[in-house]
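**Student:** Let me begin by handing over the structure; questions about it come next.
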Amino acid sequence: MTEEEEQLLWIKIKGEIYTAFKDVKLEDGIGYWEADAIDDFHKKDSLEYNIAKEKDEREDWTKLITFFEGKDINYAVWCFMDAKGLHFYLPFLMICVDTNVTNIIAPILIHLKHSAEKNSLNLSTLLTPE
């Protein structure tokens with residue numbers, strides 16, 4: 001496959017990701033900033049926790065792509081998200097796969113594997129928002 005063919009394929013794949021996840025919302029799930037507050041040991045009723053939670057994008061996952069571009073990311077937060085949070089962030093991570101995201105993906109896979117084993121579930125069950 002030529003480089004041009006690879007680029008065209010990647011454009012097609014990205015389009016399919018956008019289509020597949022177009023209606024995904026965070027809803028009451030745990031997003032990046034809320035997970036970061038949990039990682040920092042803030043209690044749910046603390047001011048810091050609630051300020052962090054308010055910062056989370058809840059409606060449009062595509063905004064995450066430009067928001068996180070070039071920023072330092074706390075890679076541990078993925079371990080503190082619930083299924084809705086991971087489901088909301090999944091398309092963002094899939095779109096960003098063409099960048100160096102090994103530090104993002106590895107903790108998520110470890111968390112999912114551990115959660116699946118602990119709860120006798122398969123990974124698709126963990127990513128179902130219900």
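Letters A, B, ... mark the chains of the structure tokens in the order given; residue numbers begin at 1 per chain; ligand numbers begin at 1, in order shown.
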Near range 59-70 of chain A, counting only C-alpha atoms, which residues have an atom at most 7 Å away, once you skip same-chain residues fewer than 4 positions from it, shown as a PyMOL selection string?

**Tutor:** chain A and resi 25-26+88-89+92

**Student:** Next, the residues of the selection above should be written as an mmCIF file, in the first residue's frame with C-alpha atoms.

**Tutor:**
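What ended up in result_22.cif:
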```cif
data_model
loop_
_atom_site.group_PDB
_atom_site.id
_atom_site.type_symbol
_atom_site.label_atom_id
_atom_site.label_comp_id
_atom_site.auth_asym_id
_atom_site.auth_seq_id
_atom_site.Cartn_x
_atom_site.Cartn_y
_atom_site.Cartn_z
ATOM 1 C CA LYS A 25 -22.600 11.848 25.022
ATOM 2 C CA LEU A 26 -20.870 11.675 28.394
ATOM 3 C CA PHE A 88 -17.245 8.969 25.395
ATOM 4 C CA TYR A 89 -13.441 9.177 25.150
ATOM 5 C CA PHE A 92 -11.180 10.631 20.624
#
```

**Student:** Could you give me, as a list in words, the residues within 7 Å of Trp33 in chain A, counting only C-alpha atoms and dropping anything in the same chain fewer than 3 positions from it?

**Tutor:** Asp36, Ala37, Ala52, Lys53, Lys55 and Asp56 of chain A

**Student:** Of the candidates A:Ile95, A:Ile73, A:Leu47, A:Cys79, which one gets nearest to Ile30 in chain A if we count only C-alpha atoms?

**Tutor:** A:Cys79

**Student:** Kindly indicate which residue among A:Ile51, A:Val77, A:Leu90, A:Cys96 lies nearest to Tyr32 in chain A, using only C-alpha atoms for the distances.

**Tutor:**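 Looking at the shortest contact to Tyr32 in chain A, the residue is A:Val77.
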
**Student:** Which residues are close to range 13-22 of chain A, i.e. within 8 Å by only C-alpha atoms, leaving aside same-chain residues fewer than 4 positions away? Reply as a ChimeraX atom specification.

**Tutor:** /A:9,91,94-95
